[in-house]
2 protein chains.
Amino acid sequence: MDRVFHALADATRRAMVERLVRGPASVSELARSHAMSLQAVMQHLQVLEACGLVRSEKVGRVRTCHIEPQPLRSVEEWIVRRRTDWERRLDRLGDQLAEDPATTE
Amino acid sequence: MDRVFHALADATRRAMVERLVRGPASVSELARSHAMSLQAVMQHLQVLEACGLVRSEKVGRVRTCHIEPQPLRSVEEWIVRRRTDWERRLDRLGDQLAEDPATTE
(Lines give C-alpha, C1' and ligand atoms only; values in the text may rest on other atoms or scores of the structure.)
Protein backbone atom coordinates (compact mmCIF):
# COMPACT_ATOMS: atom_id res chain seq x y z
CA MET A 1 0.00 0.00 0.00
CA ASP A 2 2.85 2.42 0.90
CA ARG A 3 4.51 1.66 -2.43
CA VAL A 4 1.31 2.09 -4.48
CA PHE A 5 0.59 5.50 -2.90
CA HIS A 6 4.24 6.47 -3.39
CA ALA A 7 4.11 5.43 -7.06
CA LEU A 8 0.98 7.56 -7.58
CA ALA A 9 2.56 10.59 -5.86
CA ASP A 10 4.13 11.68 -9.16
CA ALA A 11 2.22 13.38 -11.98
CA THR A 12 4.21 11.62 -14.74
CA ARG A 13 3.58 8.17 -13.25
CA ARG A 14 -0.13 9.00 -12.85
CA ALA A 15 -0.19 10.07 -16.52
CA MET A 16 1.43 6.72 -17.46
CA VAL A 17 -1.27 4.89 -15.48
CA GLU A 18 -3.97 7.04 -17.16
CA ARG A 19 -2.56 5.99 -20.54
CA LEU A 20 -2.20 2.29 -19.67
CA VAL A 21 -5.74 1.79 -18.31
CA ARG A 22 -6.88 2.53 -21.88
CA GLY A 23 -4.68 -0.25 -23.29
CA PRO A 24 -1.12 -1.62 -23.37
CA ALA A 25 1.67 0.57 -24.72
CA SER A 26 5.31 0.11 -25.58
CA VAL A 27 8.02 1.99 -23.69
CA SER A 28 8.72 4.10 -26.80
CA GLU A 29 5.00 4.97 -27.16
CA LEU A 30 4.98 6.10 -23.51
CA ALA A 31 8.15 8.15 -24.09
CA ARG A 32 6.61 9.81 -27.16
CA SER A 33 3.24 10.63 -25.58
CA HIS A 34 4.84 12.05 -22.42
CA ALA A 35 7.76 13.77 -24.28
CA MET A 36 10.29 11.90 -22.13
CA SER A 37 13.52 10.02 -22.74
CA LEU A 38 13.34 6.22 -22.81
CA GLN A 39 15.58 6.25 -19.73
CA ALA A 40 13.12 8.44 -17.79
CA VAL A 41 10.22 6.16 -18.79
CA MET A 42 12.20 3.11 -17.66
CA GLN A 43 12.89 4.71 -14.26
CA HIS A 44 9.20 5.49 -13.67
CA LEU A 45 8.30 2.04 -14.98
CA GLN A 46 10.54 0.44 -12.35
CA VAL A 47 8.57 2.21 -9.59
CA LEU A 48 5.22 1.22 -11.16
CA GLU A 49 6.34 -2.39 -11.58
CA ALA A 50 7.79 -2.64 -8.05
CA CYS A 51 4.38 -1.91 -6.50
CA GLY A 52 2.52 -4.17 -8.93
CA LEU A 53 0.59 -1.41 -10.76
CA VAL A 54 2.20 -2.25 -14.09
CA ARG A 55 3.80 -5.32 -15.62
CA SER A 56 5.87 -5.31 -18.77
CA GLU A 57 7.13 -7.96 -21.17
CA LYS A 58 9.79 -7.77 -23.81
CA VAL A 59 9.21 -9.46 -27.15
CA GLY A 60 12.15 -9.00 -29.51
CA ARG A 61 13.23 -5.39 -29.06
CA VAL A 62 9.86 -4.07 -27.89
CA ARG A 63 8.91 -3.86 -24.20
CA THR A 64 5.12 -3.61 -23.79
CA CYS A 65 3.52 -2.31 -20.57
CA HIS A 66 0.17 -3.43 -19.16
CA ILE A 67 -1.80 -2.10 -16.22
CA GLU A 68 -2.56 -4.44 -13.32
CA PRO A 69 -5.87 -3.33 -11.80
CA GLN A 70 -5.62 -4.97 -8.35
CA PRO A 71 -3.41 -2.35 -6.61
CA LEU A 72 -5.73 0.43 -7.87
CA ARG A 73 -8.67 -1.52 -6.43
CA SER A 74 -6.94 -1.83 -3.02
CA VAL A 75 -6.28 1.92 -2.91
CA GLU A 76 -9.87 2.65 -3.96
CA GLU A 77 -11.19 0.37 -1.18
CA TRP A 78 -9.04 2.10 1.43
CA ILE A 79 -10.26 5.56 0.35
CA VAL A 80 -13.92 4.53 0.09
CA ARG A 81 -13.82 3.06 3.62
CA ARG A 82 -12.45 6.36 4.95
CA ARG A 83 -15.15 8.33 3.11
CA THR A 84 -17.84 6.00 4.49
CA ASP A 85 -16.51 6.40 8.05
CA TRP A 86 -16.52 10.17 7.55
CA GLU A 87 -20.11 10.20 6.20
CA ARG A 88 -21.29 7.98 9.09
CA ARG A 89 -19.76 10.44 11.51
CA LEU A 90 -21.56 13.34 9.83
CA ASP A 91 -24.87 11.40 10.01
CA ARG A 92 -24.36 10.75 13.73
CA LEU A 93 -23.57 14.44 14.30
CA GLY A 94 -26.75 15.34 12.41
CA ASP A 95 -28.80 12.94 14.55
CA GLN A 96 -27.29 14.36 17.74
CA LEU A 97 -28.07 17.92 16.66
CA ALA A 98 -31.66 16.90 15.81
CA GLU A 99 -32.09 15.27 19.23
CA ASP A 100 -30.50 18.12 21.19
CA PRO A 101 -33.30 20.27 22.65
CA ALA A 102 -30.98 23.32 22.65
CA THR A 103 -30.80 23.29 18.84
CA THR A 104 -34.48 22.51 18.16
CA GLU A 105 -36.02 25.02 20.54
CA MET B 1 -2.44 15.58 -5.70
CA ASP B 2 1.27 14.58 -5.50
CA ARG B 3 1.34 15.72 -1.89
CA VAL B 4 -1.87 13.90 -0.92
CA PHE B 5 -0.63 10.61 -2.40
CA HIS B 6 2.77 11.17 -0.74
CA ALA B 7 1.08 11.81 2.63
CA LEU B 8 -0.89 8.57 2.30
CA ALA B 9 2.23 6.56 1.37
CA ASP B 10 2.99 5.98 5.06
CA ALA B 11 1.15 3.47 7.25
CA THR B 12 1.29 5.70 10.35
CA ARG B 13 -0.19 8.68 8.52
CA ARG B 14 -2.91 6.45 7.03
CA ALA B 15 -3.68 5.22 10.58
CA MET B 16 -3.94 8.85 11.74
CA VAL B 17 -6.38 9.56 8.88
CA GLU B 18 -8.35 6.39 9.78
CA ARG B 19 -8.61 7.70 13.35
CA LEU B 20 -9.54 11.27 12.39
CA VAL B 21 -12.37 10.38 9.98
CA ARG B 22 -14.14 9.02 13.05
CA GLY B 23 -13.84 12.35 14.88
CA PRO B 24 -11.37 15.05 15.97
CA ALA B 25 -8.48 14.08 18.26
CA SER B 26 -5.81 15.94 20.18
CA VAL B 27 -2.13 15.44 19.37
CA SER B 28 -1.65 13.59 22.67
CA GLU B 29 -4.59 11.26 21.92
CA LEU B 30 -3.03 10.47 18.53
CA ALA B 31 0.34 9.85 20.21
CA ARG B 32 -1.26 7.51 22.76
CA SER B 33 -3.34 5.50 20.28
CA HIS B 34 -0.40 5.05 17.87
CA ALA B 35 2.22 4.56 20.65
CA MET B 36 4.31 7.43 19.27
CA SER B 37 6.13 10.41 20.72
CA LEU B 38 4.44 13.82 20.49
CA GLN B 39 7.32 14.89 18.26
CA ALA B 40 6.70 12.02 15.81
CA VAL B 41 2.98 12.86 15.69
CA MET B 42 3.79 16.52 15.03
CA GLN B 43 6.09 15.55 12.14
CA HIS B 44 3.43 13.39 10.48
CA LEU B 45 0.85 16.09 11.20
CA GLN B 46 2.95 18.63 9.29
CA VAL B 47 2.83 16.40 6.18
CA LEU B 48 -0.93 15.84 6.57
CA GLU B 49 -1.58 19.56 7.05
CA ALA B 50 0.68 20.61 4.15
CA CYS B 51 -1.48 18.66 1.67
CA GLY B 52 -4.75 19.80 3.25
CA LEU B 53 -5.87 16.38 4.55
CA VAL B 54 -5.86 17.58 8.17
CA ARG B 55 -6.21 20.94 9.88
CA SER B 56 -5.41 21.56 13.53
CA GLU B 57 -6.15 24.33 15.99
CA LYS B 58 -4.60 25.05 19.34
CA VAL B 59 -6.82 26.14 22.23
CA GLY B 60 -4.85 26.74 25.41
CA ARG B 61 -2.32 23.93 25.56
CA VAL B 62 -4.31 21.42 23.50
CA ARG B 63 -3.90 21.10 19.72
CA THR B 64 -6.92 19.37 18.16
CA CYS B 65 -6.77 17.75 14.71
CA HIS B 66 -9.67 17.50 12.26
CA ILE B 67 -9.90 15.68 8.93
CA GLU B 68 -10.59 17.71 5.79
CA PRO B 69 -12.52 15.45 3.40
CA GLN B 70 -11.88 17.27 0.09
CA PRO B 71 -8.37 15.90 -0.67
CA LEU B 72 -9.63 12.34 -0.01
CA ARG B 73 -12.51 13.02 -2.44
CA SER B 74 -10.08 14.23 -5.15
CA VAL B 75 -7.97 11.09 -4.77
CA GLU B 76 -11.07 8.89 -4.85
CA GLU B 77 -12.29 10.61 -8.05
CA TRP B 78 -8.91 10.09 -9.74
CA ILE B 79 -8.90 6.37 -8.86
CA VAL B 80 -12.55 5.81 -9.82
CA ARG B 81 -11.95 7.44 -13.23
CA ARG B 82 -9.03 5.08 -13.85
CA ARG B 83 -11.12 2.06 -12.83
CA THR B 84 -13.95 3.19 -15.13
CA ASP B 85 -11.54 3.61 -18.07
CA TRP B 86 -10.16 0.12 -17.34
CA GLU B 87 -13.63 -1.46 -17.20
CA ARG B 88 -14.66 0.30 -20.45
CA ARG B 89 -11.59 -1.15 -22.11
CA LEU B 90 -12.46 -4.66 -20.87
CA ASP B 91 -16.03 -4.21 -22.20
CA ARG B 92 -14.69 -3.17 -25.62
CA LEU B 93 -12.34 -6.17 -25.66
CA GLY B 94 -15.31 -8.42 -24.80
CA ASP B 95 -17.35 -6.92 -27.65
CA GLN B 96 -14.48 -7.38 -30.10
CA LEU B 97 -14.06 -11.02 -29.10
CA ALA B 98 -17.80 -11.62 -29.47
CA GLU B 99 -17.76 -10.07 -32.98
CA ASP B 100 -14.62 -11.89 -34.14
CA PRO B 101 -15.69 -14.90 -36.25
CA ALA B 102 -12.48 -16.74 -35.31
CA THR B 103 -13.53 -16.86 -31.65
CA THR B 104 -17.23 -17.66 -32.18
CA GLU B 105 -16.80 -20.49 -34.69
# chains A, B, ... in the order shown; residues from 1 in each chain; ligands from 1
>>> interface_residues(of="chain B", to="chain A", cutoff="9 Å", atoms="only C-alpha atoms", output="number ranges by chain")
B: 1-11, 17-18, 20-23, 67, 69, 72-73, 75-76, 79-89
>>> write_last_selection(atoms="N, CA and C atoms", output="JSON list (two decimals), in the first residue's frame")
[["chain", "number", "residue", "atom", "x", "y", "z"],
["B", 1, "MET", "N", -2.18, 17.02, -5.51],
["B", 1, "MET", "CA", -2.44, 15.58, -5.70],
["B", 1, "MET", "C", -1.18, 14.78, -5.33],
["B", 2, "ASP", "N", 0.00, 15.22, -5.87],
["B", 2, "ASP", "CA", 1.27, 14.58, -5.50],
["B", 2, "ASP", "C", 1.40, 14.52, -3.99],
["B", 3, "ARG", "N", 1.11, 15.64, -3.33],
["B", 3, "ARG", "CA", 1.34, 15.72, -1.89],
["B", 3, "ARG", "C", 0.35, 14.85, -1.11],
["B", 4, "VAL", "N", -0.88, 14.75, -1.61],
["B", 4, "VAL", "CA", -1.87, 13.90, -0.92],
["B", 4, "VAL", "C", -1.44, 12.43, -1.02],
["B", 5, "PHE", "N", -1.08, 12.00, -2.25],
["B", 5, "PHE", "CA", -0.63, 10.61, -2.40],
["B", 5, "PHE", "C", 0.63, 10.36, -1.55],
["B", 6, "HIS", "N", 1.55, 11.33, -1.56],
["B", 6, "HIS", "CA", 2.77, 11.17, -0.74],
["B", 6, "HIS", "C", 2.40, 11.03, 0.74],
["B", 7, "ALA", "N", 1.48, 11.86, 1.21],
["B", 7, "ALA", "CA", 1.08, 11.81, 2.63],
["B", 7, "ALA", "C", 0.49, 10.45, 2.98],
["B", 8, "LEU", "N", -0.24, 9.86, 2.02],
["B", 8, "LEU", "CA", -0.89, 8.57, 2.30],
["B", 8, "LEU", "C", 0.05, 7.38, 2.10],
["B", 9, "ALA", "N", 1.27, 7.64, 1.62],
["B", 9, "ALA", "CA", 2.23, 6.56, 1.37],
["B", 9, "ALA", "C", 2.98, 6.16, 2.64],
["B", 10, "ASP", "N", 2.36, 6.32, 3.77],
["B", 10, "ASP", "CA", 2.99, 5.98, 5.06],
["B", 10, "ASP", "C", 1.91, 5.40, 5.97],
["B", 11, "ALA", "N", 2.18, 4.20, 6.48],
["B", 11, "ALA", "CA", 1.15, 3.47, 7.25],
["B", 11, "ALA", "C", 0.72, 4.25, 8.50],
["B", 17, "VAL", "N", -5.19, 9.19, 9.67],
["B", 17, "VAL", "CA", -6.38, 9.56, 8.88],
["B", 17, "VAL", "C", -7.55, 8.66, 9.27],
["B", 18, "GLU", "N", -7.29, 7.33, 9.39],
["B", 18, "GLU", "CA", -8.35, 6.39, 9.78],
["B", 18, "GLU", "C", -8.97, 6.81, 11.12],
["B", 20, "LEU", "N", -8.92, 9.94, 12.42],
["B", 20, "LEU", "CA", -9.54, 11.27, 12.39],
["B", 20, "LEU", "C", -10.85, 11.31, 11.59],
["B", 21, "VAL", "N", -11.06, 10.39, 10.66],
["B", 21, "VAL", "CA", -12.37, 10.38, 9.98],
["B", 21, "VAL", "C", -13.48, 10.00, 10.96],
["B", 22, "ARG", "N", -13.11, 9.38, 12.08],
["B", 22, "ARG", "CA", -14.14, 9.02, 13.05],
["B", 22, "ARG", "C", -14.40, 10.12, 14.07],
["B", 23, "GLY", "N", -13.62, 11.22, 13.97],
["B", 23, "GLY", "CA", -13.84, 12.35, 14.88],
["B", 23, "GLY", "C", -12.53, 13.05, 15.20],
["B", 67, "ILE", "N", -10.10, 16.08, 10.33],
["B", 67, "ILE", "CA", -9.90, 15.68, 8.93],
["B", 67, "ILE", "C", -10.54, 16.72, 8.02],
["B", 69, "PRO", "N", -12.19, 16.53, 4.34],
["B", 69, "PRO", "CA", -12.52, 15.45, 3.40],
["B", 69, "PRO", "C", -12.19, 15.72, 1.93],
["B", 72, "LEU", "N", -9.29, 13.76, 0.14],
["B", 72, "LEU", "CA", -9.63, 12.34, -0.01],
["B", 72, "LEU", "C", -10.59, 12.16, -1.19],
["B", 73, "ARG", "N", -11.55, 13.10, -1.32],
["B", 73, "ARG", "CA", -12.51, 13.02, -2.44],
["B", 73, "ARG", "C", -11.79, 13.13, -3.78],
["B", 75, "VAL", "N", -8.70, 12.33, -4.51],
["B", 75, "VAL", "CA", -7.97, 11.09, -4.77],
["B", 75, "VAL", "C", -8.94, 9.99, -5.18],
["B", 76, "GLU", "N", -10.08, 9.91, -4.50],
["B", 76, "GLU", "CA", -11.07, 8.89, -4.85],
["B", 76, "GLU", "C", -11.55, 9.09, -6.30],
["B", 79, "ILE", "N", -8.95, 7.83, -8.81],
["B", 79, "ILE", "CA", -8.90, 6.37, -8.86],
["B", 79, "ILE", "C", -10.13, 5.81, -9.58],
["B", 80, "VAL", "N", -11.31, 6.35, -9.24],
["B", 80, "VAL", "CA", -12.55, 5.81, -9.82],
["B", 80, "VAL", "C", -12.54, 6.04, -11.34],
["B", 81, "ARG", "N", -12.03, 7.20, -11.78],
["B", 81, "ARG", "CA", -11.95, 7.44, -13.23],
["B", 81, "ARG", "C", -11.06, 6.41, -13.91],
["B", 82, "ARG", "N", -9.94, 6.07, -13.27],
["B", 82, "ARG", "CA", -9.03, 5.08, -13.85],
["B", 82, "ARG", "C", -9.72, 3.73, -13.92],
["B", 83, "ARG", "N", -10.44, 3.35, -12.84],
["B", 83, "ARG", "CA", -11.12, 2.06, -12.83],
["B", 83, "ARG", "C", -12.17, 2.02, -13.94],
["B", 84, "THR", "N", -12.90, 3.13, -14.10],
["B", 84, "THR", "CA", -13.95, 3.19, -15.13],
["B", 84, "THR", "C", -13.33, 3.03, -16.52],
["B", 85, "ASP", "N", -12.22, 3.75, -16.77],
["B", 85, "ASP", "CA", -11.54, 3.61, -18.07],
["B", 85, "ASP", "C", -11.13, 2.15, -18.30],
["B", 86, "TRP", "N", -10.60, 1.51, -17.24],
["B", 86, "TRP", "CA", -10.16, 0.12, -17.34],
["B", 86, "TRP", "C", -11.33, -0.80, -17.65],
["B", 87, "GLU", "N", -12.46, -0.59, -16.96],
["B", 87, "GLU", "CA", -13.63, -1.46, -17.20],
["B", 87, "GLU", "C", -14.19, -1.26, -18.60],
["B", 88, "ARG", "N", -14.20, 0.02, -19.07],
["B", 88, "ARG", "CA", -14.66, 0.30, -20.45],
["B", 88, "ARG", "C", -13.80, -0.46, -21.44],
["B", 89, "ARG", "N", -12.49, -0.47, -21.18],
["B", 89, "ARG", "CA", -11.59, -1.15, -22.11],
["B", 89, "ARG", "C", -11.89, -2.66, -22.12]]
>>> residues_around(residues="Ala25 (chain A)", least_positions_apart="3", cutoff="12 Å", atoms="only C-alpha atoms", output="number ranges by chain")
A: 16-22, 28-33, 41, 45, 54-58, 62-67
>>> closest_residue(among="B:Ala50, B:Ala15, B:Val59, B:Ala102", to="Ala35 (chain B)", atoms="only C-alpha atoms")
B:Ala15
>>> atom_distance(atom1="CA of Thr12 (chain B)", atom2="CA of His44 (chain B)")
8.0 Å
>>> select_by_dssp(residues="chain A", states="strand (DSSP E or B)", output="list of chain:residue names")
A:Ala25, A:Ser26, A:Val54, A:Arg55, A:Ser56, A:Glu57, A:Lys58, A:Val59, A:Val62, A:Arg63, A:Thr64, A:Cys65, A:His66, A:Ile67
>>> select_by_dssp(residues="chain B", states="helix (DSSP H, G or I)", output="ChimeraX atom specification")
/B:2-8,11-20,27-33,38-50,69-99,101-104
>>> atom_distance(atom1="CA of Gln43 (chain B)", atom2="CA of Pro71 (chain B)")
19.3 Å
>>> closest_residue(among="B:Gly60, B:Asp91, B:Ser74, B:Arg13", to="Met36 (chain B)", atoms="only C-alpha atoms")
B:Arg13
>>> atom_distance(atom1="CA of Gly94 (chain A)", atom2="CA of Ser26 (chain B)")
22.3 Å
